[in-house]
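> Shown below is the structure under consideration.
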Protein chains: 2
Amino acid sequence: MAEPLPISDDDGLCEEGRDLIRGVLERIGDKWSVIVICQLGDTTRRFNELRRMSAPITQRMLSATLRGLERDGLVTRTVHDTKPPRVDYALTPRGTSLLEVVRALAGWAERNATGILDSRTAFDAAG
Amino acid sequence: MAEPLPISDDDGLCEEGRDLIRGVLERIGDKWSVIVICQLGDTTRRFNELRRMSAPITQRMLSATLRGLERDGLVTRTVHDTKPPRVDYALTPRGTSLLEVVRALAGWAERNATGILDSRTAFDAAG
DNA sequence: CAGAATCCTAGCAGATACTG
DNA sequence: CAGTATCTGCTAGGATTCTG
């Protein structure tokens, strides 16, 4: 026996989850998605309203970000045929559920912010 | 009254949290950090062991990723002065706590994976 | 084995200008 | 107001080579 030992395989807790996690992170890991999701929070917002709230985001990036979120069913886009035009964005239930998870992330960040900062300065000092 | 209304400010739930969240995402939002954290899971791993488990990561990126994680106090690096050299990496308590949050993220991803996929095809079909 | 050093490229994202 | 179109720089990250 003692076969070639193909590739050490892990505990299995993350093996299948790898693609899944990478998927979420590719969704919310970009520069603006979570910010926009946060600003949408619990109310409907208009395009330029979001733009101001998410400053300094550019029009181009807000547009692209919103389209991505809409594509994944995280936000809805409703066009009111008025003059001037008005477009409302809001979180879907799925988007809201994501916001919950993001808040958990923020909680962790809050609890560990200073610790991380300290570790960094220590690490850099050790040079 | 009715002042210039500087910039619409949000519900406050995310306002202060924005930098915090961006901070975490810049840490785990890169291509390899969470994968490495997952592989470290509950046991100590050696460099090339991690390399195989995290394939197809390159040496350069594994090295850089580990250094970043060590800098933030998420993993420890212990060098055994043997021949050939042996270096062990393991999660710190802080790293483990982050893994918990990441697992929550994975849970959300798991629950919403098919839904998102469906939304995407629907969105693309609507063209 | 565990890296460091170097080179190189795709694509993310900013700035700017234009449109219905 | 709510976007699109273009042009461009920057950098994350891959491939490869070298070392203690």
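By order of appearance in the structure tokens: chains A, B, ..., then residues from 1 within every chain, and ligands from 1 in the order shown.
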Show me, as a PyMOL selection string, the residues that have an atom within 10 Å of A:Ser119 when counting only C-alpha atoms (C1' of nucleotides), minus same-chain residues fewer than 6 positions from it.

(chain A and resi 125) or (chain B and resi 70-74)

> Distance limit 9 Å, atoms considered: only C-alpha atoms (C1' of nucleotides). Which chain B residues sit that close to chain D? Return them as a PDB file with N, CA and C atoms, in the first residue's frame.


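As a result, iface.pdb now contains:
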ATOM      1  N   ASP B  30      -9.562  39.410  -0.502  1.00  0.00           N
ATOM      2  CA  ASP B  30      -8.605  39.044  -1.540  1.00  0.00           C
ATOM      3  C   ASP B  30      -8.815  37.592  -1.947  1.00  0.00           C
ATOM      4  N   LYS B  31      -8.050  37.157  -2.881  1.00  0.00           N
ATOM      5  CA  LYS B  31      -8.336  35.859  -3.488  1.00  0.00           C
ATOM      6  C   LYS B  31      -8.045  34.657  -2.585  1.00  0.00           C
ATOM      7  N   THR B  58      -0.149  30.106  -5.870  1.00  0.00           N
ATOM      8  CA  THR B  58       1.283  30.100  -6.183  1.00  0.00           C
ATOM      9  C   THR B  58       2.081  30.307  -4.893  1.00  0.00           C
ATOM     10  N   ARG B  60       4.330  32.464  -4.343  1.00  0.00           N
ATOM     11  CA  ARG B  60       4.374  33.892  -4.069  1.00  0.00           C
ATOM     12  C   ARG B  60       3.139  34.369  -3.311  1.00  0.00           C
ATOM     13  N   MET B  61       1.970  33.958  -3.776  1.00  0.00           N
ATOM     14  CA  MET B  61       0.745  34.425  -3.145  1.00  0.00           C
ATOM     15  C   MET B  61       0.524  33.787  -1.779  1.00  0.00           C
TER      16      MET B  61
END

> Mind checking DSSP for chain B and telling me the helix (DSSP H, G or I) residues as a PyMOL selection string?

chain B and resi 17-28+33-40+47-53+59-71+93-126

> I need the chain C residues near chain B as a list in words; criterion: at most 9 Å, counting only C-alpha atoms (C1' of nucleotides).

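Only these qualify: DC1, DA2, DG3 and DA4 of chain C.
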
> How would the residues just chosen look if you wrote them out with N, CA, C and O atoms (P, O5', C5', C4', C3', O3' and C1' of nucleotides) as a short mmCIF file (atom, residue, chain, number, x, y, z; two decimals), in the first residue's frame?


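So the final result, stored in out_1.cif, reads:
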data_model
loop_
_atom_site.label_atom_id
_atom_site.label_comp_id
_atom_site.auth_asym_id
_atom_site.auth_seq_id
_atom_site.Cartn_x
_atom_site.Cartn_y
_atom_site.Cartn_z
P DC C 1 9.45 18.96 -0.07
"O5'" DC C 1 10.27 19.92 0.91
"C5'" DC C 1 10.36 19.51 2.27
"C4'" DC C 1 10.59 20.73 3.10
"C3'" DC C 1 9.52 21.81 2.93
"O3'" DC C 1 9.21 22.33 4.21
"C1'" DC C 1 11.65 22.69 2.34
P DA C 2 7.90 23.28 4.43
"O5'" DA C 2 8.50 24.75 4.23
"C5'" DA C 2 9.52 25.21 5.11
"C4'" DA C 2 10.02 26.56 4.70
"C3'" DA C 2 8.93 27.58 4.34
"O3'" DA C 2 9.30 28.86 4.86
"C1'" DA C 2 10.42 27.39 2.55
P DG C 3 8.17 30.01 4.99
"O5'" DG C 3 7.92 30.38 3.48
"C5'" DG C 3 8.14 31.71 3.07
"C4'" DG C 3 9.52 31.82 2.43
"C3'" DG C 3 9.66 33.03 1.54
"O3'" DG C 3 10.10 34.13 2.31
"C1'" DG C 3 10.78 31.08 0.69
P DA C 4 9.87 35.52 2.09
"O5'" DA C 4 11.00 36.00 1.05
"C5'" DA C 4 12.38 35.82 1.37
"C4'" DA C 4 13.22 36.25 0.17
"C3'" DA C 4 12.78 37.57 -0.46
"O3'" DA C 4 13.94 38.32 -0.82
"C1'" DA C 4 12.65 35.83 -2.07
#

> Given the choices A:Ala126, A:Pro56, A:Arg77, A:Leu117, which gets closest to chain B if the distance is worked out from only C-alpha atoms?

A:Leu117

> Residues of chain B were defined as contacting chain A if any atom lay at most 7 Å from it, counting only C-alpha atoms; please report them as a JSON list (two decimals) with N, CA and C atoms, in the first residue's frame.


[["chain", "number", "residue", "atom", "x", "y", "z"],
["B", 7, "ILE", "N", -25.59, 66.70, 3.22],
["B", 7, "ILE", "CA", -25.61, 65.43, 2.51],
["B", 7, "ILE", "C", -26.50, 64.51, 3.31],
["B", 8, "SER", "N", -27.47, 63.97, 2.65],
["B", 8, "SER", "CA", -28.39, 63.05, 3.32],
["B", 8, "SER", "C", -27.59, 62.05, 4.13],
["B", 9, "ASP", "N", -27.83, 62.01, 5.44],
["B", 9, "ASP", "CA", -27.08, 61.01, 6.18],
["B", 9, "ASP", "C", -27.97, 59.85, 6.58],
["B", 10, "ASP", "N", -27.38, 58.70, 6.66],
["B", 10, "ASP", "CA", -28.17, 57.47, 6.74],
["B", 10, "ASP", "C", -28.65, 57.16, 8.15],
["B", 14, "CYS", "N", -24.76, 52.01, 9.64],
["B", 14, "CYS", "CA", -23.59, 51.63, 8.87],
["B", 14, "CYS", "C", -22.59, 52.76, 8.75],
["B", 17, "GLY", "N", -19.80, 52.18, 10.70],
["B", 17, "GLY", "CA", -19.34, 50.84, 10.40],
["B", 17, "GLY", "C", -18.69, 50.69, 9.04],
["B", 18, "ARG", "N", -18.86, 51.69, 8.19],
["B", 18, "ARG", "CA", -18.34, 51.59, 6.83],
["B", 18, "ARG", "C", -16.86, 51.29, 6.76],
["B", 20, "LEU", "N", -15.01, 50.14, 9.11],
["B", 20, "LEU", "CA", -14.80, 48.86, 9.76],
["B", 20, "LEU", "C", -15.02, 47.73, 8.77],
["B", 21, "ILE", "N", -16.16, 47.76, 8.12],
["B", 21, "ILE", "CA", -16.50, 46.70, 7.18],
["B", 21, "ILE", "C", -15.51, 46.66, 6.02],
["B", 24, "VAL", "N", -12.37, 44.83, 7.14],
["B", 24, "VAL", "CA", -12.43, 43.36, 7.12],
["B", 24, "VAL", "C", -12.39, 42.86, 5.70],
["B", 25, "LEU", "N", -13.13, 43.51, 4.84],
["B", 25, "LEU", "CA", -13.22, 43.02, 3.47],
["B", 25, "LEU", "C", -11.91, 43.16, 2.74],
["B", 29, "GLY", "N", -11.17, 39.86, 1.63],
["B", 29, "GLY", "CA", -11.76, 39.97, 0.30],
["B", 29, "GLY", "C", -10.81, 39.60, -0.83],
["B", 35, "ILE", "N", -9.41, 31.16, 2.09],
["B", 35, "ILE", "CA", -9.10, 29.78, 1.75],
["B", 35, "ILE", "C", -8.03, 29.24, 2.69],
["B", 38, "CYS", "N", -9.38, 28.81, 6.15],
["B", 38, "CYS", "CA", -10.18, 27.58, 6.21],
["B", 38, "CYS", "C", -9.30, 26.35, 6.32],
["B", 39, "GLN", "N", -8.28, 26.29, 5.51],
["B", 39, "GLN", "CA", -7.40, 25.11, 5.52],
["B", 39, "GLN", "C", -6.67, 24.99, 6.84],
["B", 52, "ARG", "N", -0.39, 22.78, -1.23],
["B", 52, "ARG", "CA", -1.13, 21.73, -1.92],
["B", 52, "ARG", "C", -2.62, 21.85, -1.65],
["B", 53, "MET", "N", -2.96, 22.07, -0.38],
["B", 53, "MET", "CA", -4.37, 22.14, 0.00],
["B", 53, "MET", "C", -5.08, 23.34, -0.63],
["B", 71, "ARG", "N", 0.72, 39.34, 10.12],
["B", 71, "ARG", "CA", 0.81, 40.76, 10.50],
["B", 71, "ARG", "C", -0.41, 41.21, 11.28],
["B", 72, "ASP", "N", -1.56, 40.70, 10.92],
["B", 72, "ASP", "CA", -2.80, 41.09, 11.60],
["B", 72, "ASP", "C", -3.10, 40.22, 12.82],
["B", 73, "GLY", "N", -2.15, 39.36, 13.15],
["B", 73, "GLY", "CA", -2.35, 38.53, 14.34],
["B", 73, "GLY", "C", -3.40, 37.46, 14.15],
["B", 101, "VAL", "N", -16.94, 33.64, 11.82],
["B", 101, "VAL", "CA", -17.70, 34.59, 11.02],
["B", 101, "VAL", "C", -17.73, 34.17, 9.56],
["B", 105, "LEU", "N", -20.80, 33.31, 6.89],
["B", 105, "LEU", "CA", -20.87, 33.78, 5.51],
["B", 105, "LEU", "C", -21.10, 32.61, 4.56],
["B", 106, "ALA", "N", -20.37, 31.52, 4.81],
["B", 106, "ALA", "CA", -20.52, 30.33, 3.99],
["B", 106, "ALA", "C", -21.92, 29.76, 4.11],
["B", 109, "ALA", "N", -24.18, 31.74, 2.00],
["B", 109, "ALA", "CA", -23.91, 31.40, 0.60],
["B", 109, "ALA", "C", -24.59, 30.09, 0.23],
["B", 110, "GLU", "N", -24.50, 29.15, 1.12],
["B", 110, "GLU", "CA", -25.09, 27.83, 0.87],
["B", 110, "GLU", "C", -26.60, 27.94, 0.72],
["B", 116, "ILE", "N", -29.52, 32.66, -6.15],
["B", 116, "ILE", "CA", -28.71, 33.66, -6.86],
["B", 116, "ILE", "C", -28.47, 33.23, -8.30],
["B", 119, "SER", "N", -31.52, 33.86, -10.24],
["B", 119, "SER", "CA", -31.69, 35.28, -10.52],
["B", 119, "SER", "C", -30.81, 35.73, -11.67],
["B", 120, "ARG", "N", -29.60, 35.22, -11.68],
["B", 120, "ARG", "CA", -28.65, 35.61, -12.72],
["B", 120, "ARG", "C", -29.12, 35.19, -14.10],
["B", 123, "PHE", "N", -32.02, 37.33, -15.07],
["B", 123, "PHE", "CA", -31.58, 38.67, -15.41],
["B", 123, "PHE", "C", -30.92, 38.71, -16.79]]

> Take atom CA of A:Thr92 and atom CA of A:Arg45 and report the distance between them in Å, one decimal.

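The value is 12.9 Å.
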
> Calculate how many Å separate atom CA of B:Leu91 from atom CA of B:Val36, rounding to one decimal.

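So the two atoms, atom CA of B:Leu91 and atom CA of B:Val36, lie 9.9 Å apart.
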
> Among chain B, which ones does DSSP assign to strand (DSSP E or B) (computed from the backbone)? Answer as a VMD selection string.

chain B and resid 45 to 46 75 to 80 86 to 91

> Please produce an output containing C-alpha atoms for each residue in the selection, written as an mmCIF file, in the first residue's frame.


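Output below, filename selection23.cif:
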data_model
loop_
_atom_site.group_PDB
_atom_site.id
_atom_site.type_symbol
_atom_site.label_atom_id
_atom_site.label_comp_id
_atom_site.auth_asym_id
_atom_site.auth_seq_id
_atom_site.Cartn_x
_atom_site.Cartn_y
_atom_site.Cartn_z
ATOM 1 C CA ARG B 45 -0.038 23.138 8.760
ATOM 2 C CA ARG B 46 3.306 23.419 7.022
ATOM 3 C CA VAL B 75 -1.979 33.233 12.264
ATOM 4 C CA THR B 76 1.243 32.342 14.031
ATOM 5 C CA ARG B 77 4.403 31.343 12.249
ATOM 6 C CA THR B 78 6.821 29.042 14.046
ATOM 7 C CA VAL B 79 10.163 28.085 12.563
ATOM 8 C CA HIS B 80 11.708 24.793 13.615
ATOM 9 C CA ARG B 86 10.191 23.266 8.750
ATOM 10 C CA VAL B 87 7.747 26.113 9.316
ATOM 11 C CA ASP B 88 4.379 25.652 10.949
ATOM 12 C CA TYR B 89 1.396 27.916 10.603
ATOM 13 C CA ALA B 90 -1.639 27.933 12.846
ATOM 14 C CA LEU B 91 -4.623 30.113 13.594
#
